[in-house]
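Enquirer: data04.txt (compact mmCIF, C-alpha atoms and all ligand atoms) pasted underneath:
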# COMPACT_ATOMS: atom_id res chain seq x y z
CA MET A 29 70.74 19.92 -2.87
CA ARG A 30 69.88 19.89 -6.54
CA ILE A 31 66.86 21.44 -8.19
CA THR A 32 66.03 20.85 -11.84
CA ALA A 33 63.41 22.84 -13.72
CA LEU A 34 62.00 22.71 -17.24
CA THR A 35 61.28 26.09 -18.80
CA GLY A 36 59.98 28.14 -21.69
CA GLY A 37 60.55 31.90 -21.85
CA ILE A 38 58.83 34.57 -19.79
CA GLY A 39 56.73 32.51 -17.35
CA GLY A 40 59.59 30.15 -16.61
CA ALA A 41 62.20 32.91 -16.40
CA ARG A 42 60.21 34.95 -13.88
CA PHE A 43 59.60 31.87 -11.76
CA LEU A 44 63.30 30.94 -11.84
CA ARG A 45 64.35 34.44 -10.85
CA GLY A 46 61.99 34.07 -7.89
CA LEU A 47 63.42 30.63 -7.08
CA ARG A 48 66.97 31.97 -7.02
CA GLU A 49 65.82 34.84 -4.79
CA HIS A 50 63.95 32.46 -2.48
CA LEU A 51 66.99 30.21 -2.03
CA ARG A 52 68.98 33.22 -0.81
CA THR A 53 66.59 33.57 2.12
CA ARG A 54 66.49 29.90 3.09
CA ALA A 55 68.29 28.74 6.21
CA ASP A 56 67.85 24.96 5.81
CA THR A 57 69.76 22.49 3.61
CA TRP A 58 68.21 24.11 0.53
CA ALA A 59 70.21 27.30 1.01
CA GLY A 60 72.64 27.50 -1.89
CA ALA A 61 71.00 24.61 -3.76
CA ASP A 62 72.20 24.08 -7.35
CA ILE A 63 69.62 24.96 -9.98
CA THR A 64 69.73 23.27 -13.38
CA VAL A 65 67.37 24.62 -16.01
CA ILE A 66 66.34 22.66 -19.10
CA GLY A 67 65.19 25.19 -21.67
CA ASN A 68 62.87 24.80 -24.62
CA THR A 69 64.65 25.24 -27.94
CA ALA A 70 61.76 24.36 -30.25
CA ASP A 71 60.90 28.08 -30.61
CA ASP A 72 64.34 28.65 -32.15
CA ILE A 73 64.51 30.20 -35.56
CA THR A 74 67.17 31.26 -38.08
CA LEU A 75 66.72 34.89 -39.17
CA PHE A 76 69.16 36.75 -41.44
CA GLY A 77 71.44 33.74 -41.06
CA LEU A 78 71.49 34.11 -37.27
CA ARG A 79 70.37 31.38 -34.90
CA VAL A 80 67.94 32.89 -32.40
CA CYS A 81 66.98 30.94 -29.24
CA PRO A 82 64.22 33.08 -27.70
CA ASP A 83 63.49 30.98 -24.62
CA LEU A 84 67.13 30.40 -23.63
CA ASP A 85 67.81 34.11 -24.10
CA THR A 86 64.78 35.17 -22.06
CA VAL A 87 66.00 33.02 -19.16
CA MET A 88 69.60 34.20 -19.55
CA TYR A 89 68.68 37.90 -19.75
CA THR A 90 66.08 37.69 -16.95
CA LEU A 91 68.42 35.95 -14.52
CA GLY A 92 71.42 37.96 -15.72
CA GLY A 93 69.75 41.34 -15.18
CA GLY A 94 69.65 42.31 -18.87
CA ILE A 95 65.97 41.76 -19.61
CA HIS A 96 63.49 44.44 -20.68
CA ASP A 97 61.40 43.87 -17.59
CA GLU A 98 58.00 45.28 -18.55
CA GLN A 99 58.11 43.55 -21.93
CA GLY A 100 59.39 40.28 -20.48
CA TRP A 101 61.66 39.52 -23.47
CA GLY A 102 64.51 41.27 -25.26
CA ARG A 103 67.16 43.56 -23.82
CA ALA A 104 66.72 46.62 -21.63
CA ASP A 105 67.91 49.93 -23.15
CA GLU A 106 67.66 48.43 -26.62
CA THR A 107 68.11 50.23 -29.95
CA PHE A 108 67.02 49.06 -33.39
CA ASN A 109 69.52 50.44 -35.88
CA VAL A 110 70.21 47.13 -37.60
CA SER A 111 66.49 46.40 -38.04
CA THR A 112 65.88 49.90 -39.42
CA GLU A 113 68.69 49.44 -41.93
CA LEU A 114 67.39 46.00 -42.98
CA ALA A 115 63.95 47.52 -43.51
CA ALA A 116 65.52 50.26 -45.67
CA TYR A 117 66.93 47.46 -47.84
CA GLU A 118 63.43 45.90 -47.82
CA VAL A 119 64.91 42.63 -46.59
CA PRO A 120 62.30 40.51 -44.80
CA PRO A 121 61.21 39.42 -42.30
CA ASP A 122 60.11 42.62 -40.60
CA TRP A 123 57.79 40.99 -38.03
CA PHE A 124 60.35 39.59 -35.60
CA THR A 125 61.90 42.23 -33.36
CA LEU A 126 65.69 42.02 -33.20
CA GLY A 127 67.37 44.79 -31.25
CA ASP A 128 71.00 45.73 -31.70
CA ARG A 129 72.13 44.44 -28.31
CA ASP A 130 70.21 41.21 -28.79
CA ILE A 131 71.71 40.69 -32.25
CA ALA A 132 75.18 40.53 -30.69
CA THR A 133 74.07 37.45 -28.72
CA HIS A 134 72.82 35.80 -31.91
CA ILE A 135 76.04 36.62 -33.78
CA VAL A 136 78.18 35.06 -31.04
CA ARG A 137 75.92 31.99 -30.90
CA THR A 138 75.84 31.52 -34.68
CA GLN A 139 79.60 31.93 -34.99
CA MET A 140 80.25 29.33 -32.30
CA LEU A 141 77.71 26.86 -33.72
CA ARG A 142 79.35 27.20 -37.15
CA ALA A 143 82.73 26.55 -35.54
CA GLY A 144 81.35 23.24 -34.26
CA TRP A 145 80.40 24.01 -30.66
CA SER A 146 77.29 22.28 -29.30
CA LEU A 147 74.35 24.48 -28.29
CA THR A 148 74.94 23.31 -24.70
CA ASP A 149 78.51 24.65 -24.79
CA VAL A 150 77.51 27.83 -26.62
CA THR A 151 74.84 28.52 -24.00
CA ALA A 152 77.34 27.96 -21.19
CA ALA A 153 79.75 30.35 -22.90
CA LEU A 154 77.07 33.05 -23.26
CA CYS A 155 76.21 32.54 -19.59
CA THR A 156 79.80 33.27 -18.53
CA ARG A 157 78.95 36.86 -19.33
CA TRP A 158 75.46 36.86 -17.78
CA GLN A 159 76.15 34.79 -14.65
CA PRO A 160 72.50 33.70 -14.30
CA GLY A 161 73.23 31.74 -11.14
CA VAL A 162 71.75 28.58 -12.67
CA ARG A 163 73.12 25.97 -15.05
CA LEU A 164 71.17 26.65 -18.25
CA LEU A 165 70.92 23.69 -20.63
CA PRO A 166 69.12 23.44 -23.97
CA MET A 167 66.76 20.44 -24.03
CA SER A 168 68.85 18.99 -26.88
CA ASP A 169 71.85 19.89 -29.01
CA ASP A 170 69.88 18.78 -32.06
CA PRO A 171 67.63 21.35 -33.79
CA VAL A 172 63.89 21.00 -33.15
CA GLU A 173 61.32 23.45 -34.53
CA THR A 174 57.68 23.67 -33.59
CA HIS A 175 55.48 24.13 -36.63
CA VAL A 176 51.80 24.96 -36.48
CA VAL A 177 49.25 23.55 -38.91
CA VAL A 178 46.55 26.08 -39.83
CA LEU A 179 43.99 26.26 -42.63
CA ASP A 180 44.44 28.67 -45.55
CA ASP A 181 41.55 30.56 -47.21
CA SER A 182 40.63 27.52 -49.32
CA GLY A 183 40.58 25.26 -46.26
CA ALA A 184 43.84 23.52 -47.17
CA ARG A 185 46.32 22.67 -44.42
CA GLU A 186 49.35 24.91 -44.22
CA ALA A 187 52.28 24.62 -41.80
CA LEU A 188 54.01 27.69 -40.36
CA HIS A 189 57.03 28.04 -38.13
CA PHE A 190 55.79 28.59 -34.58
CA GLN A 191 57.11 32.18 -34.58
CA GLU A 192 55.26 33.01 -37.81
CA TRP A 193 52.03 31.89 -36.19
CA TRP A 194 52.70 33.32 -32.71
CA VAL A 195 54.49 36.59 -33.46
CA ARG A 196 53.54 37.49 -37.04
CA GLU A 197 49.91 36.27 -36.91
CA GLN A 198 49.39 36.67 -33.15
CA ALA A 199 47.87 33.15 -33.14
CA LYS A 200 44.78 34.49 -34.98
CA ARG A 201 44.31 31.44 -37.19
CA THR A 202 43.16 28.41 -35.23
CA ALA A 203 45.95 25.88 -34.73
CA GLN A 204 44.88 22.46 -36.00
CA GLU A 205 47.97 20.69 -34.77
CA PHE A 206 51.52 21.24 -33.54
CA VAL A 207 54.32 19.39 -35.30
CA TYR A 208 57.69 19.27 -33.57
CA LEU A 209 60.06 18.94 -36.54
CA GLY A 210 63.24 17.08 -35.66
CA ALA A 211 61.97 16.01 -32.23
CA ALA A 212 61.74 12.32 -33.08
CA GLU A 213 65.40 12.22 -34.07
CA ALA A 214 66.66 14.70 -31.45
CA LYS A 215 68.53 13.24 -28.54
CA PRO A 216 68.49 14.65 -25.03
CA THR A 217 72.02 15.38 -23.84
CA ALA A 218 73.51 13.18 -21.12
CA THR A 219 73.72 16.33 -18.96
CA VAL A 220 69.95 16.81 -19.19
CA LEU A 221 69.16 13.19 -18.36
CA ASP A 222 71.66 13.15 -15.48
CA ALA A 223 70.17 16.38 -14.08
CA LEU A 224 66.69 14.86 -14.04
CA ARG A 225 67.88 11.58 -12.55
CA ASP A 226 70.14 13.05 -9.87
CA SER A 227 67.83 15.87 -8.81
CA ASP A 228 66.33 16.21 -5.34
CA VAL A 229 63.34 18.11 -6.72
CA VAL A 230 62.04 18.68 -10.24
CA LEU A 231 59.94 21.79 -10.89
CA LEU A 232 57.65 22.59 -13.80
CA PRO A 233 57.34 26.41 -13.72
CA PRO A 234 54.22 28.17 -15.08
CA SER A 235 55.41 27.84 -18.69
CA ASN A 236 53.22 27.14 -21.69
CA PRO A 237 52.16 23.46 -21.28
CA VAL A 238 52.06 22.85 -25.03
CA VAL A 239 54.77 24.77 -26.86
CA SER A 240 57.24 25.19 -23.97
CA ILE A 241 56.99 22.24 -21.52
CA GLY A 242 55.16 20.16 -24.14
CA ALA A 243 57.92 20.73 -26.70
CA ILE A 244 60.62 19.66 -24.23
CA LEU A 245 58.64 16.48 -23.53
CA GLN A 246 58.70 15.63 -27.25
CA ILE A 247 62.37 14.69 -26.88
CA ALA A 248 62.43 10.95 -26.38
CA GLY A 249 63.92 10.15 -23.01
CA ILE A 250 63.05 13.38 -21.21
CA GLY A 251 59.49 12.30 -20.37
CA ASP A 252 60.78 8.91 -19.22
CA ALA A 253 63.46 10.57 -17.10
CA LEU A 254 60.78 12.73 -15.45
CA ARG A 255 58.50 9.78 -14.86
CA SER A 256 61.26 7.67 -13.34
CA THR A 257 63.26 10.18 -11.29
CA ALA A 258 63.30 9.56 -7.54
CA ALA A 259 62.73 13.30 -7.04
CA PRO A 260 59.22 14.63 -6.51
CA VAL A 261 57.89 16.63 -9.47
CA VAL A 262 55.93 19.78 -8.66
CA GLY A 263 54.22 21.98 -11.24
CA VAL A 264 52.91 25.54 -11.06
CA SER A 265 49.83 26.46 -13.09
CA PRO A 266 50.27 29.03 -15.87
CA ILE A 267 46.47 29.36 -15.97
CA ILE A 268 44.57 31.40 -13.39
CA GLY A 269 40.78 31.14 -13.55
CA ASP A 270 40.04 30.40 -17.18
CA ALA A 271 42.83 32.39 -18.82
CA PRO A 272 46.60 32.39 -19.26
CA VAL A 273 48.26 35.17 -17.28
CA ARG A 274 50.24 36.44 -20.28
CA GLY A 275 50.24 35.35 -23.90
CA MET A 276 47.97 33.02 -25.82
CA ALA A 277 48.43 29.62 -24.21
CA ASP A 278 44.66 29.07 -24.58
CA ALA A 279 45.14 28.94 -28.37
CA CYS A 280 47.73 26.18 -27.87
CA LEU A 281 45.74 24.20 -25.31
CA SER A 282 42.57 24.13 -27.40
CA ALA A 283 44.54 22.80 -30.38
CA ILE A 284 45.44 19.70 -28.36
CA GLY A 285 41.96 19.39 -26.86
CA VAL A 286 42.85 20.59 -23.36
CA GLY A 287 40.70 23.17 -21.60
CA THR A 288 42.11 26.47 -20.38
CA SER A 289 42.03 25.82 -16.64
CA ALA A 290 44.49 24.77 -13.98
CA ALA A 291 42.63 21.48 -13.53
CA ALA A 292 42.66 20.69 -17.25
CA VAL A 293 46.41 21.34 -17.46
CA ALA A 294 47.04 19.13 -14.41
CA GLY A 295 44.89 16.45 -16.03
CA HIS A 296 46.92 16.78 -19.21
CA TYR A 297 50.23 16.39 -17.32
CA GLY A 298 48.75 13.51 -15.31
CA ALA A 299 49.74 11.98 -11.97
CA ARG A 300 53.08 10.20 -11.74
CA ILE A 301 51.48 7.32 -9.91
CA ALA A 302 49.36 6.80 -13.04
CA GLY A 303 52.21 7.16 -15.56
CA GLY A 304 51.99 10.95 -15.79
CA LEU A 305 54.35 13.71 -14.69
CA LEU A 306 53.10 15.34 -11.49
CA ASP A 307 53.32 14.61 -7.78
CA GLY A 308 52.37 18.12 -6.70
CA TRP A 309 50.48 21.01 -8.30
CA LEU A 310 50.22 24.65 -7.26
CA VAL A 311 47.13 26.55 -8.36
CA ALA A 312 45.97 30.12 -7.76
CA GLU A 313 43.74 30.80 -4.75
CA GLU A 314 40.74 31.37 -7.01
CA ASP A 315 41.23 27.83 -8.35
CA ALA A 316 41.46 26.22 -4.90
CA SER A 317 38.15 24.40 -5.35
CA THR A 318 39.21 22.75 -8.62
CA SER A 319 40.87 19.36 -8.43
CA ALA A 320 44.01 17.81 -9.79
CA PRO A 321 44.04 14.13 -10.86
CA ALA A 322 44.02 11.50 -8.10
CA GLY A 323 47.50 11.05 -6.69
CA VAL A 324 48.53 14.68 -7.22
CA ILE A 325 48.74 16.81 -4.06
CA GLN A 326 47.37 20.27 -4.81
CA ARG A 327 47.95 23.51 -2.90
CA SER A 328 46.67 27.00 -3.65
CA ARG A 329 48.67 30.23 -3.40
CA PRO A 330 48.63 33.67 -5.04
CA LEU A 331 50.24 32.84 -8.40
CA LEU A 332 50.64 36.26 -9.99
CA MET A 333 54.32 37.06 -10.53
CA THR A 334 54.32 40.84 -10.46
CA ALA A 335 57.36 41.66 -8.32
CA ILE A 336 60.33 39.34 -7.77
CA GLU A 337 59.09 38.75 -4.21
CA ASP A 338 55.81 37.36 -5.59
CA ALA A 339 57.71 34.87 -7.73
CA ALA A 340 59.99 34.05 -4.78
CA ALA A 341 56.95 33.21 -2.63
CA ILE A 342 55.55 30.95 -5.37
CA ALA A 343 58.91 29.20 -5.77
CA GLY A 344 59.11 28.78 -1.99
CA ALA A 345 55.66 27.20 -1.93
CA ALA A 346 56.61 24.83 -4.77
CA LEU A 347 59.77 23.82 -2.93
CA ASP A 348 57.91 23.33 0.37
CA LEU A 349 55.38 21.11 -1.39
CA ALA A 350 58.22 19.11 -2.92
CA ILE A 351 59.87 18.70 0.49
CA GLU A 352 56.56 17.51 1.92
CA LEU A 353 56.30 14.99 -0.92
CA ARG A 354 59.84 13.72 -0.31
CA ARG A 355 58.87 12.53 3.14
P1 LIG A 401 57.15 31.99 -23.39
O1 LIG A 401 58.06 30.95 -23.96
O2 LIG A 401 57.78 33.36 -23.38
O3 LIG A 401 55.77 31.96 -23.92
O4 LIG A 401 57.10 31.68 -21.84
P2 LIG A 401 56.68 30.41 -20.99
O5 LIG A 401 56.21 29.29 -21.80
O6 LIG A 401 57.76 30.15 -19.99
O7 LIG A 401 55.50 31.04 -20.17
C1 LIG A 401 54.27 31.41 -20.76
C2 LIG A 401 53.21 31.15 -19.73
O8 LIG A 401 53.55 31.87 -18.55
C3 LIG A 401 51.83 31.64 -20.15
O9 LIG A 401 51.01 30.53 -20.36
C4 LIG A 401 51.38 32.47 -18.96
O10 LIG A 401 50.06 32.18 -18.57
C5 LIG A 401 52.36 32.12 -17.87
N1 LIG A 401 52.59 33.23 -16.97
C6 LIG A 401 53.09 34.45 -17.29
N2 LIG A 401 53.10 35.25 -16.21
C7 LIG A 401 52.59 34.52 -15.18
C8 LIG A 401 52.30 34.82 -13.81
O11 LIG A 401 52.53 35.92 -13.31
N3 LIG A 401 51.77 33.79 -13.07
C9 LIG A 401 51.50 32.56 -13.59
N4 LIG A 401 50.97 31.64 -12.80
N5 LIG A 401 51.73 32.28 -14.88
C10 LIG A 401 52.26 33.24 -15.67
CA CA A 402 58.79 30.40 -26.00
Output the structure of this file as structure tokens.
Ligand code: GDP
Ligand code: CA

Expert:
Amino acid sequence: MRITALTGGIGGARFLRGLREHLRTRADTWAGADITVIGNTADDITLFGLRVCPDLDTVMYTLGGGIHDEQGWGRADETFNVSTELAAYEVPPDWFTLGDRDIATHIVRTQMLRAGWSLTDVTAALCTRWQPGVRLLPMSDDPVETHVVVLDDSGAREALHFQEWWVREQAKRTAQEFVYLGAAEAKPTATVLDALRDSDVVLLPPSNPVVSIGAILQIAGIGDALRSTAAPVVGVSPIIGDAPVRGMADACLSAIGVGTSAAAVAGHYGARIAGGLLDGWLVAEEDASTSAPAGVIQRSRPLLMTAIEDAAAIAGAALDLAIELRR
């Protein structure tokens, strides 16, 4: 059986680690199912000449056992000698944390990209070391960068790289708009489109609906592939009650006029029978009384991914809902 999931960084990575764990315990035809992961690359940024792919790396490190678990991103047992030296030279930027171990990943990636490898092949090569147990694919081999339009002190529009807004400014200035530079020209790879078409189930983990899942959907062809796949599409809400579980997804949702609630996100994704993306939707137990759009089957479960077992239970529930929808 084949499972395909779209993902951002921390929310998606924790869900996928749970999914892999869940599949180990399954005794039916889903035991040993292949997992293909389509990762957001619109958060990518070039720093000190190095190409950094935060979401792909978060998934790779989380599933490969190298993640700093409490933090949710970056490497465990990290040191910061290179960053300290760069600061001593007063070479900016100083707001994006790059640990020594992490930098090695970016050096390998940058070197291979410069030698002409595609990001898909570079990612596969990095994964030979990490053995994440999933096939990790970038959404596209073409560069896409999310930029955020904010207002400066005089009220004029100013565009920042997503990471400048998210990490440096902690999303303090209200986002007016998200612009996905390069997305209109970027092509999905054949591998990505095949994975969506040939899948038995497609999962949308609890990733940021705007700058993670939303960015992936900016690539022409990926949305269509999701809408037309024969596989049921099941999403998991990243919002519990009226707040994101981690991070500032509310600042992204309000910029596109979507409320911060499980129901509003489901409404934004829409029902597949009405040209949207979802057949099934998992919400937290406290959101059980809210409703998804007509045509979307909703179930409620505890959705907090604290331990791996919690994420495994959520992934199991998403898979069970998908199996129910296949019938
Ligand atoms: P990012 O790229 O690192 O921001 O990660 P993602 O886009 O994959 O995930 C961010 C989203 O994950 C946020 O909107 C969070 O609300 C959501 N999230 C994080 N932890 C949990 C959790 O334990 N449960 C649920 N349901 N969502 C979570
Ligand atoms: Ca991200």

Enquirer: Please identify every polymer residue within 9 Å of ligand CA 402 (chain A), using all atoms listed in the file, and present the set as an MDAnalysis selection string.

Expert: chainID A and resid 35:38 68:72 81:84 86 191 235:236 239:240

Enquirer: Skip range 121-137 of chain A itself and residues of its chain fewer than 6 positions away, then list as number ranges by chain all residues within 8 Å of it, counting all atoms listed in the file.

Expert: A: 75, 78-80, 102-103, 106-111, 115, 150-151, 154, 195-196

Enquirer: How about saving the chosen residues, C-alpha atoms kept, as a compact mmCIF listing (two decimals), in the coordinates of the input?

Expert:
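New file out_7.txt:
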# COMPACT_ATOMS: atom_id res chain seq x y z
CA LEU A 75 66.72 34.89 -39.17
CA LEU A 78 71.49 34.11 -37.27
CA ARG A 79 70.37 31.38 -34.90
CA VAL A 80 67.94 32.89 -32.40
CA GLY A 102 64.51 41.27 -25.26
CA ARG A 103 67.16 43.56 -23.82
CA GLU A 106 67.66 48.43 -26.62
CA THR A 107 68.11 50.23 -29.95
CA PHE A 108 67.02 49.06 -33.39
CA ASN A 109 69.52 50.44 -35.88
CA VAL A 110 70.21 47.13 -37.60
CA SER A 111 66.49 46.40 -38.04
CA ALA A 115 63.95 47.52 -43.51
CA VAL A 150 77.51 27.83 -26.62
CA THR A 151 74.84 28.52 -24.00
CA LEU A 154 77.07 33.05 -23.26
CA VAL A 195 54.49 36.59 -33.46
CA ARG A 196 53.54 37.49 -37.04

Enquirer: Can you work out which one of A:Pro216, A:Gly251, A:Gly67, A:Gly242 has the shortest atom-to-atom distance to Pro166 in chain A, counting all atoms listed in the file?

Expert: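 Nearest candidate to Pro166 in chain A out of A:Pro216, A:Gly251, A:Gly67, A:Gly242: A:Gly67.
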
Enquirer: Dump as JSON, numbers by chain all residues having an atom at most 10 Å from (66.2, 41.9, -12.0), computed in the file's coordinates with all atoms listed in the file.

Expert: {"A": [42, 45, 46, 89, 90, 91, 92, 93, 94, 95, 96, 97, 335, 336]}

Enquirer: Which of these, A:Asp307, A:Glu213, A:Asp105, A:Asp85, has the shortest distance to ligand LIG 401 (chain A) once you count only C-alpha atoms and all ligand atoms?

Expert: A:Asp85

Enquirer: One number please: CA of Asp180 in chain A to atom O4 of ligand LIG 401 (chain A), in Å, one decimal.

Expert: 27.0 Å

Enquirer: To one decimal place in Å, what is the distance between CA of Pro160 in chain A and CA of Gly77 in chain A?

Expert: 26.8 Å

Enquirer: Measuring between all atoms listed in the file, which one of A:Val220, A:Ile268, A:Ala294, A:Thr288 shows the shortest distance to Glu313 in chain A?

Expert: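 Ranked by minimum distance to Glu313 in chain A, first place goes to A:Ile268.
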
Enquirer: The centre and edge lengths of an axis-aligned box containing all atoms of ligand LIG 401 (chain A) present in the file, extended by 3 Å on each side, are to be given in Å to one decimal, as JSON.

Expert:
{"center_x": 54.1, "center_y": 32.6, "center_z": -18.4, "size_x": 14.0, "size_y": 12.6, "size_z": 17.2}
